[in-house]
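Asker: My structure is in query09.cif, and what it holds is mmCIF, C-alpha atoms:
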data_structure
#
loop_
_atom_site.group_PDB
_atom_site.id
_atom_site.type_symbol
_atom_site.label_atom_id
_atom_site.label_comp_id
_atom_site.auth_asym_id
_atom_site.auth_seq_id
_atom_site.Cartn_x
_atom_site.Cartn_y
_atom_site.Cartn_z
ATOM 1 C CA MET A 1065 -2.785 -2.452 2.815
ATOM 2 C CA GLU A 1066 -6.136 -3.903 1.881
ATOM 3 C CA PRO A 1067 -7.903 -5.395 4.923
ATOM 4 C CA ILE A 1068 -8.547 -9.113 4.902
ATOM 5 C CA ASN A 1069 -11.144 -11.123 6.765
ATOM 6 C CA ILE A 1070 -13.216 -13.610 4.778
ATOM 7 C CA VAL A 1071 -11.813 -15.117 1.592
ATOM 8 C CA ASN A 1072 -14.026 -17.465 -0.432
ATOM 9 C CA SER A 1073 -12.148 -18.947 -3.324
ATOM 10 C CA VAL A 1074 -11.020 -22.006 -5.196
ATOM 11 C CA TYR A 1075 -7.603 -22.933 -3.875
ATOM 12 C CA ALA A 1076 -4.540 -23.898 -5.858
ATOM 13 C CA PRO A 1077 -3.010 -27.148 -4.519
ATOM 14 C CA LEU A 1078 0.775 -26.902 -4.807
ATOM 15 C CA ASP A 1079 1.836 -30.338 -3.578
ATOM 16 C CA ARG A 1080 5.512 -29.500 -2.944
ATOM 17 C CA LYS A 1081 7.698 -29.239 0.147
ATOM 18 C CA ASN A 1082 10.521 -26.768 0.757
ATOM 19 C CA VAL A 1083 9.332 -24.225 -1.820
ATOM 20 C CA ASP A 1084 12.067 -21.603 -1.579
ATOM 21 C CA THR A 1085 11.923 -17.916 -2.365
ATOM 22 C CA ASP A 1086 13.957 -18.353 -5.563
ATOM 23 C CA GLN A 1087 11.309 -20.757 -6.850
ATOM 24 C CA ILE A 1088 8.590 -18.288 -5.861
ATOM 25 C CA ILE A 1089 10.305 -15.392 -7.672
ATOM 26 C CA SER A 1090 13.581 -16.123 -9.420
ATOM 27 C CA LYS A 1091 16.506 -13.706 -9.095
ATOM 28 C CA GLU A 1092 16.471 -12.527 -12.732
ATOM 29 C CA PHE A 1093 13.092 -10.875 -12.130
ATOM 30 C CA LEU A 1094 14.207 -8.727 -9.189
ATOM 31 C CA LYS A 1095 14.800 -5.599 -11.241
ATOM 32 C CA ARG A 1096 11.836 -3.549 -10.078
ATOM 33 C CA ILE A 1097 11.891 -1.217 -7.102
ATOM 34 C CA GLU A 1098 8.102 -1.167 -6.714
ATOM 35 C CA ARG A 1099 6.218 -3.908 -4.876
ATOM 36 C CA THR A 1100 4.038 -4.549 -7.921
ATOM 37 C CA GLY A 1101 4.677 -6.207 -11.240
ATOM 38 C CA PHE A 1102 6.136 -9.446 -9.880
ATOM 39 C CA GLY A 1103 2.974 -11.557 -10.159
ATOM 40 C CA GLU A 1104 3.517 -12.485 -13.780
ATOM 41 C CA PHE A 1105 6.838 -14.070 -12.782
ATOM 42 C CA VAL A 1106 5.680 -16.060 -9.731
ATOM 43 C CA PHE A 1107 6.866 -19.704 -9.969
ATOM 44 C CA TYR A 1108 8.122 -18.761 -13.433
ATOM 45 C CA HIS A 1109 10.437 -21.745 -13.949
ATOM 46 C CA TRP A 1110 7.654 -24.149 -12.987
ATOM 47 C CA ARG A 1111 4.983 -22.324 -14.986
ATOM 48 C CA PHE A 1112 6.961 -21.957 -18.216
ATOM 49 C CA ASP A 1113 9.457 -24.053 -20.158
ATOM 50 C CA LYS A 1114 12.791 -22.736 -21.504
ATOM 51 C CA GLU A 1115 11.068 -21.308 -24.585
ATOM 52 C CA GLY A 1116 8.543 -19.438 -22.436
ATOM 53 C CA ASN A 1117 5.623 -21.751 -23.183
ATOM 54 C CA PRO A 1118 3.235 -22.611 -20.342
ATOM 55 C CA VAL A 1119 3.857 -25.998 -18.709
ATOM 56 C CA GLU A 1120 0.375 -27.476 -19.015
ATOM 57 C CA ASP A 1121 0.476 -29.763 -15.994
ATOM 58 C CA PHE A 1122 1.661 -27.110 -13.534
ATOM 59 C CA VAL A 1123 -1.170 -26.316 -11.155
ATOM 60 C CA LEU A 1124 -1.335 -22.562 -11.828
ATOM 61 C CA ASN A 1125 -1.649 -23.199 -15.582
ATOM 62 C CA LYS A 1126 -4.709 -25.401 -15.197
ATOM 63 C CA PRO A 1127 -7.943 -23.524 -15.988
ATOM 64 C CA GLN A 1128 -9.812 -24.879 -12.969
ATOM 65 C CA TYR A 1129 -7.459 -23.027 -10.611
ATOM 66 C CA LYS A 1130 -7.444 -19.674 -12.429
ATOM 67 C CA GLY A 1131 -8.325 -16.821 -10.141
ATOM 68 C CA ALA A 1132 -7.492 -18.782 -6.970
ATOM 69 C CA GLU A 1133 -6.874 -16.467 -4.022
ATOM 70 C CA ILE A 1134 -5.720 -19.282 -1.744
ATOM 71 C CA LEU A 1135 -2.590 -21.394 -2.173
ATOM 72 C CA VAL A 1136 -2.157 -24.676 -0.289
ATOM 73 C CA ALA A 1137 1.316 -26.193 -0.089
ATOM 74 C CA GLN A 1138 3.482 -28.503 1.972
ATOM 75 C CA ASP A 1139 6.096 -28.058 4.726
ATOM 76 C CA ASN A 1140 8.653 -25.271 4.913
ATOM 77 C CA PHE A 1141 7.043 -22.906 2.422
ATOM 78 C CA GLY A 1142 9.094 -19.764 1.708
ATOM 79 C CA CYS A 1143 12.466 -21.129 2.797
ATOM 80 C CA GLY A 1144 15.765 -19.953 1.313
ATOM 81 C CA SER A 1145 16.656 -16.297 1.051
ATOM 82 C CA SER A 1146 15.002 -13.461 2.950
ATOM 83 C CA ARG A 1147 13.835 -11.667 -0.201
ATOM 84 C CA GLU A 1148 10.611 -9.790 0.422
ATOM 85 C CA HIS A 1149 9.890 -10.015 -3.295
ATOM 86 C CA ALA A 1150 8.473 -13.501 -2.657
ATOM 87 C CA PRO A 1151 5.361 -12.338 -0.790
ATOM 88 C CA TRP A 1152 5.133 -9.343 -3.158
ATOM 89 C CA ALA A 1153 4.969 -11.773 -6.111
ATOM 90 C CA ILE A 1154 2.411 -14.015 -4.416
ATOM 91 C CA LEU A 1155 0.175 -11.055 -3.566
ATOM 92 C CA ASP A 1156 0.595 -9.484 -7.005
ATOM 93 C CA TYR A 1157 -0.411 -12.783 -8.613
ATOM 94 C CA GLY A 1158 -3.645 -12.655 -6.612
ATOM 95 C CA PHE A 1159 -3.131 -14.902 -3.585
ATOM 96 C CA ARG A 1160 -4.394 -13.456 -0.277
ATOM 97 C CA VAL A 1161 -3.932 -16.635 1.761
ATOM 98 C CA VAL A 1162 -1.199 -19.297 1.855
ATOM 99 C CA ILE A 1163 -1.851 -22.487 3.826
ATOM 100 C CA ALA A 1164 0.955 -24.890 4.745
ATOM 101 C CA PRO A 1165 2.063 -27.024 7.712
ATOM 102 C CA SER A 1166 5.075 -24.763 8.249
ATOM 103 C CA PHE A 1167 6.750 -21.667 6.845
ATOM 104 C CA ALA A 1168 10.229 -20.191 6.916
ATOM 105 C CA ASP A 1169 10.184 -17.523 9.662
ATOM 106 C CA ILE A 1170 11.193 -14.537 7.523
ATOM 107 C CA PHE A 1171 8.716 -15.378 4.777
ATOM 108 C CA TYR A 1172 5.974 -15.936 7.373
ATOM 109 C CA ASN A 1173 6.527 -12.506 8.935
ATOM 110 C CA ASN A 1174 6.865 -10.813 5.546
ATOM 111 C CA CYS A 1175 3.432 -12.147 4.610
ATOM 112 C CA PHE A 1176 1.793 -10.234 7.462
ATOM 113 C CA LYS A 1177 3.678 -7.062 6.541
ATOM 114 C CA ASN A 1178 2.343 -7.283 2.994
ATOM 115 C CA GLY A 1179 -1.304 -8.189 3.569
ATOM 116 C CA ILE A 1180 -1.127 -11.958 3.063
ATOM 117 C CA LEU A 1181 -2.595 -14.345 5.630
ATOM 118 C CA PRO A 1182 -0.254 -17.325 6.172
ATOM 119 C CA ILE A 1183 -2.112 -20.177 7.885
ATOM 120 C CA LYS A 1184 -0.462 -23.122 9.547
ATOM 121 C CA LEU A 1185 -2.590 -26.267 9.487
ATOM 122 C CA THR A 1186 -1.342 -29.709 10.432
ATOM 123 C CA GLU A 1187 0.377 -31.857 7.842
ATOM 124 C CA ALA A 1188 -2.622 -34.234 7.829
ATOM 125 C CA GLU A 1189 -5.027 -31.316 7.255
ATOM 126 C CA CYS A 1190 -2.894 -29.959 4.403
ATOM 127 C CA ASP A 1191 -2.566 -33.454 2.915
ATOM 128 C CA ASP A 1192 -6.356 -33.734 2.985
ATOM 129 C CA LEU A 1193 -6.833 -30.354 1.298
ATOM 130 C CA LEU A 1194 -4.176 -31.167 -1.298
ATOM 131 C CA ALA A 1195 -5.693 -34.560 -2.127
ATOM 132 C CA LYS A 1196 -9.186 -33.104 -2.522
ATOM 133 C CA GLY A 1197 -7.974 -30.068 -4.447
ATOM 134 C CA LEU A 1198 -5.884 -32.151 -6.835
ATOM 135 C CA ALA A 1199 -8.769 -34.549 -7.491
ATOM 136 C CA GLU A 1200 -11.159 -31.717 -8.287
ATOM 137 C CA ALA A 1201 -11.029 -27.945 -7.908
ATOM 138 C CA GLN A 1202 -12.460 -27.060 -4.514
ATOM 139 C CA ALA A 1203 -13.605 -23.789 -2.977
ATOM 140 C CA ILE A 1204 -12.966 -23.096 0.691
ATOM 141 C CA GLU A 1205 -13.759 -20.236 3.022
ATOM 142 C CA VAL A 1206 -11.058 -18.699 5.151
ATOM 143 C CA ASN A 1207 -12.385 -16.596 8.020
ATOM 144 C CA LEU A 1208 -9.721 -14.626 9.842
ATOM 145 C CA GLU A 1209 -12.096 -13.291 12.515
ATOM 146 C CA SER A 1210 -13.155 -16.785 13.578
ATOM 147 C CA GLN A 1211 -9.777 -18.304 12.631
ATOM 148 C CA THR A 1212 -11.322 -21.079 10.577
ATOM 149 C CA VAL A 1213 -10.907 -22.761 7.214
ATOM 150 C CA THR A 1214 -14.117 -24.407 5.986
ATOM 151 C CA THR A 1215 -14.334 -26.747 3.029
ATOM 152 C CA GLY A 1216 -17.253 -26.968 0.632
ATOM 153 C CA CYS A 1217 -18.508 -30.106 2.398
ATOM 154 C CA GLY A 1218 -18.588 -28.304 5.752
ATOM 155 C CA GLN A 1219 -15.375 -29.613 7.307
ATOM 156 C CA THR A 1220 -13.799 -26.894 9.437
ATOM 157 C CA TYR A 1221 -10.190 -26.528 10.518
ATOM 158 C CA THR A 1222 -9.118 -23.968 13.095
ATOM 159 C CA PHE A 1223 -5.846 -22.080 13.139
ATOM 160 C CA THR A 1224 -3.990 -19.834 15.545
ATOM 161 C CA ILE A 1225 -2.572 -16.414 14.820
ATOM 162 C CA ASP A 1226 -0.752 -13.805 16.874
ATOM 163 C CA PRO A 1227 -3.395 -11.210 17.954
ATOM 164 C CA TYR A 1228 -1.070 -8.391 16.828
ATOM 165 C CA TYR A 1229 -0.912 -9.726 13.262
ATOM 166 C CA LYS A 1230 -4.622 -10.531 13.261
ATOM 167 C CA GLU A 1231 -5.466 -6.909 14.099
ATOM 168 C CA MET A 1232 -3.072 -5.680 11.418
ATOM 169 C CA LEU A 1233 -4.661 -7.817 8.699
ATOM 170 C CA LEU A 1234 -8.257 -7.170 9.762
ATOM 171 C CA ASN A 1235 -7.655 -3.413 9.616
ATOM 172 C CA GLY A 1236 -5.281 -3.321 6.662
ATOM 173 C CA TRP A 1237 -2.535 -1.776 8.764
ATOM 174 C CA ASP A 1238 1.162 -2.040 8.131
ATOM 175 C CA GLU A 1239 3.766 -1.033 10.733
ATOM 176 C CA ILE A 1240 3.770 2.583 9.541
ATOM 177 C CA SER A 1241 -0.017 2.726 9.905
ATOM 178 C CA LEU A 1242 0.348 1.427 13.458
ATOM 179 C CA THR A 1243 2.861 4.169 14.219
ATOM 180 C CA PHE A 1244 0.431 6.813 12.942
ATOM 181 C CA LYS A 1245 -2.171 5.539 15.440
ATOM 182 C CA TYR A 1246 0.060 7.083 18.105
ATOM 183 C CA GLU A 1247 0.700 10.330 16.241
ATOM 184 C CA GLU A 1248 -0.820 12.515 18.993
ATOM 185 C CA GLN A 1249 1.208 10.823 21.736
ATOM 186 C CA ILE A 1250 4.373 11.123 19.655
ATOM 187 C CA ALA A 1251 3.697 14.836 19.050
ATOM 188 C CA GLU A 1252 3.035 15.361 22.770
ATOM 189 C CA TYR A 1253 6.254 13.609 23.667
ATOM 190 C CA GLU A 1254 8.212 15.672 21.158
ATOM 191 C CA LYS A 1255 6.616 18.902 22.460
ATOM 192 C CA ASN A 1256 7.675 18.174 26.050
ATOM 193 C CA ARG A 1257 11.093 16.832 25.217
ATOM 194 C CA ILE A 1258 14.003 18.986 26.262
ATOM 195 C CA ALA A 1259 15.818 20.393 23.250
ATOM 196 C CA TYR A 1260 19.608 20.305 23.400
#
Could you render the structure from this file as structure tokens?
Answerer:
Amino acid sequence: MEPINIVNSVYAPLDRKNVDTDQIISKEFLKRIERTGFGEFVFYHWRFDKEGNPVEDFVLNKPQYKGAEILVAQDNFGCGSSREHAPWAILDYGFRVVIAPSFADIFYNNCFKNGILPIKLTEAECDDLLAKGLAEAQAIEVNLESQTVTTGCGQTYTFTIDPYYKEMLLNGWDEISLTFKYEEQIAEYEKNRIAY
């Protein structure tokens, strides 16, 4: 995975609660076996109408949010099914960070396993970011090392993260990479193990 530490970007304000994994990537697009290629379908039924035309007032279709690497949403982001395609689609679209007051547990953990930083801020902090971001496109800085989110006007929010996941993201490690860190110890164990 690509390491992540500091992300400076305009953020996309998605002012919706209970965004479920079928809204993030709808079932008809789950035909690929690779982790890539899902980004063009993220939030498809909100981004496009039934004829496939862009819905102009949907946040990701507005030019001021193009290229955003940070998504800010409301409570219970990533609820619904356990499909891992949801974080794949978000990452493939270009988001490295998702900020919300709360996440569904499976989605939250899948983000770490796929190189996305999910940040829990309070509802009031997210409301503030959403209001400012909807009024005018705003850039913020997310700093994983210092565990801060800083707005353009210098307001800083802090967040907590499990040290295990923080180390994984800072180093770009997935669980297989972590296993390979202990390759010598595993080989030593296997060498001394009694064969039956």
Asker: Hey, what comes out of the PyMOL selection byres ((chain A and resi 1210) around 10) on this file? Could you write it as a PDB file with C-alpha atoms, in the coordinates of the input?
Answerer:
ATOM      1  CA  ASN A1069     -11.144 -11.123   6.765  1.00  0.00           C
ATOM      2  CA  ILE A1070     -13.216 -13.610   4.778  1.00  0.00           C
ATOM      3  CA  VAL A1206     -11.058 -18.699   5.151  1.00  0.00           C
ATOM      4  CA  ASN A1207     -12.385 -16.596   8.020  1.00  0.00           C
ATOM      5  CA  LEU A1208      -9.721 -14.626   9.842  1.00  0.00           C
ATOM      6  CA  GLU A1209     -12.096 -13.291  12.515  1.00  0.00           C
ATOM      7  CA  GLN A1211      -9.777 -18.304  12.631  1.00  0.00           C
ATOM      8  CA  THR A1212     -11.322 -21.079  10.577  1.00  0.00           C
ATOM      9  CA  VAL A1213     -10.907 -22.761   7.214  1.00  0.00           C
ATOM     10  CA  THR A1222      -9.118 -23.968  13.095  1.00  0.00           C
ATOM     11  CA  PHE A1223      -5.846 -22.080  13.139  1.00  0.00           C
ATOM     12  CA  THR A1224      -3.990 -19.834  15.545  1.00  0.00           C
TER      13      THR A1224
END
Asker: Identify which of the residues A:Met1065, A:Ala1132, A:Thr1085, A:His1149 lies closest to Ile1097 (chain A), counting all atoms listed in the file when measuring atom-to-atom distances.
Answerer: A:His1149
Asker: Spell out the residues picked by the PyMOL selection byres ((chain A and resi 1134-1139) around 6) here, as number ranges by chain.
Answerer: A: 1075-1081, 1132-1133, 1140-1141, 1159, 1161-1166
Asker: If you count all atoms listed in the file, which residues fall within 10 Å of region 1123-1130 of chain A, apart from same-chain ones fewer than 6 positions away, as a ChimeraX atom specification?
Answerer: /A:1073-1079,1106-1107,1110-1112,1158,1197-1198,1200-1203
Asker: Mind pulling up the distance from CA of Val1071 (chain A) to CA of Ala1195 (chain A)?
Answerer: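 Computed distance, CA of Ala1195 (chain A) to CA of Val1071 (chain A), equals 20.7 Å.
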Asker: Hey, which of A:Pro1118, A:Gly1144, A:Tyr1246, A:Ile1180 ends up closest to Gln1087 (chain A)? Count all atoms listed in the file.
Answerer: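 Counting all atoms listed in the file, the residue closest to Gln1087 (chain A) is A:Gly1144.
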Asker: Counting all atoms listed in the file, write as a PyMOL selection string all protein and nucleic acid residues lying at most 12 Å from (2.1, -10.4, 6.5) in the file's frame.
Answerer: chain A and resi 1065-1068+1148+1150-1152+1154-1155+1160-1162+1169-1183+1225-1226+1228-1234+1236-1239
Asker: Show me, as JSON, the centre and edge lengths in Å to one decimal of the axis-aligned box that covers every listed atom of region 1131-1148 of chain A with 5 Å on each side.
Answerer:
{"center_x": 4.2, "center_y": -19.1, "center_z": -2.6, "size_x": 35.0, "size_y": 28.7, "size_z": 25.1}
Asker: Would you tabulate, counting only C-alpha atoms, all residues of region 1149-1193 of chain A that have an atom at most 12 Å from an atom of region 1214-1219 of chain A, showing the closest pair of atoms and their distance in Å to one decimal, sorted by chain then ascending number, as a Markdown table?
Answerer:
| residue | atom | partner | partner_atom | distance |
| --- | --- | --- | --- | --- |
| A:Glu1189 | CA | A:Gln1219 | CA | 10.5 |
| A:Cys1190 | CA | A:Thr1215 | CA | 12.0 |
| A:Asp1192 | CA | A:Thr1215 | CA | 10.6 |
| A:Leu1193 | CA | A:Thr1215 | CA | 8.5 |
Asker: Those selected residues, please, written with C-alpha atoms and delivered as a PDB file, in the coordinates of the input.
Answerer:
ATOM      1  CA  GLU A1189      -5.027 -31.316   7.255  1.00  0.00           C
ATOM      2  CA  CYS A1190      -2.894 -29.959   4.403  1.00  0.00           C
ATOM      3  CA  ASP A1192      -6.356 -33.734   2.985  1.00  0.00           C
ATOM      4  CA  LEU A1193      -6.833 -30.354   1.298  1.00  0.00           C
TER       5      LEU A1193
END
Asker: Would you please work out which residue, of A:Ala1199, A:Ile1204, A:Ala1188, A:Ile1088, is nearest to Arg1147 (chain A) when using only C-alpha atoms?
Answerer: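 Nearest to Arg1147 (chain A): A:Ile1088.
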Asker: Could you write out as a list in words the residues that the PyMOL selection byres ((chain A and resi 1101) around 9) matches in the shown file?
Answerer: Arg1096, Glu1098, Arg1099, Thr1100, Phe1102, Gly1103, Glu1104, Phe1105, Trp1152, Ala1153, Asp1156 and Tyr1157 of chain A
Asker: Can region 1110-1126 of chain A be brought up to N, CA, C and O atoms and written out as a compact mmCIF listing (two decimals), keeping the file's coordinate frame?
Answerer:
# COMPACT_ATOMS: atom_id res chain seq x y z
N TRP A 1110 8.58 -23.01 -13.04
CA TRP A 1110 7.65 -24.15 -12.99
C TRP A 1110 6.50 -23.90 -13.94
O TRP A 1110 5.93 -24.84 -14.48
N ARG A 1111 6.14 -22.64 -14.13
CA ARG A 1111 4.98 -22.32 -14.99
C ARG A 1111 5.32 -22.36 -16.47
O ARG A 1111 4.44 -22.61 -17.30
N PHE A 1112 6.59 -22.07 -16.80
CA PHE A 1112 6.96 -21.96 -18.22
C PHE A 1112 8.19 -22.80 -18.52
O PHE A 1112 9.08 -22.96 -17.67
N ASP A 1113 8.27 -23.31 -19.74
CA ASP A 1113 9.46 -24.05 -20.16
C ASP A 1113 10.54 -23.08 -20.64
O ASP A 1113 10.35 -21.85 -20.56
N LYS A 1114 11.66 -23.59 -21.13
CA LYS A 1114 12.79 -22.74 -21.50
C LYS A 1114 12.48 -21.82 -22.68
O LYS A 1114 13.13 -20.81 -22.87
N GLU A 1115 11.47 -22.16 -23.46
CA GLU A 1115 11.07 -21.31 -24.58
C GLU A 1115 9.98 -20.31 -24.18
O GLU A 1115 9.51 -19.53 -25.00
N GLY A 1116 9.57 -20.36 -22.92
CA GLY A 1116 8.54 -19.44 -22.44
C GLY A 1116 7.12 -19.92 -22.65
O GLY A 1116 6.17 -19.15 -22.49
N ASN A 1117 6.97 -21.19 -22.99
CA ASN A 1117 5.62 -21.75 -23.18
C ASN A 1117 5.08 -22.28 -21.85
O ASN A 1117 5.84 -22.86 -21.06
N PRO A 1118 3.80 -22.10 -21.60
CA PRO A 1118 3.24 -22.61 -20.34
C PRO A 1118 3.40 -24.13 -20.21
O PRO A 1118 3.19 -24.85 -21.17
N VAL A 1119 3.79 -24.57 -19.02
CA VAL A 1119 3.86 -26.00 -18.71
C VAL A 1119 2.43 -26.42 -18.31
O VAL A 1119 1.94 -26.01 -17.26
N GLU A 1120 1.81 -27.20 -19.17
CA GLU A 1120 0.38 -27.48 -19.02
C GLU A 1120 0.00 -28.15 -17.71
O GLU A 1120 -1.07 -27.91 -17.16
N ASP A 1121 0.89 -29.02 -17.19
CA ASP A 1121 0.48 -29.76 -15.99
C ASP A 1121 0.85 -29.06 -14.69
O ASP A 1121 0.60 -29.59 -13.62
N PHE A 1122 1.40 -27.85 -14.77
CA PHE A 1122 1.66 -27.11 -13.53
C PHE A 1122 0.34 -26.52 -13.04
O PHE A 1122 -0.45 -25.97 -13.81
N VAL A 1123 0.13 -26.63 -11.73
CA VAL A 1123 -1.17 -26.32 -11.16
C VAL A 1123 -1.69 -24.92 -11.54
O VAL A 1123 -2.88 -24.76 -11.83
N LEU A 1124 -0.84 -23.92 -11.54
CA LEU A 1124 -1.34 -22.56 -11.83
C LEU A 1124 -1.70 -22.37 -13.30
O LEU A 1124 -2.33 -21.37 -13.65
N ASN A 1125 -1.30 -23.30 -14.17
CA ASN A 1125 -1.65 -23.20 -15.58
C ASN A 1125 -2.93 -23.95 -15.93
O ASN A 1125 -3.40 -23.89 -17.06
N LYS A 1126 -3.48 -24.66 -14.94
CA LYS A 1126 -4.71 -25.40 -15.20
C LYS A 1126 -5.91 -24.47 -15.04
O LYS A 1126 -6.01 -23.73 -14.05
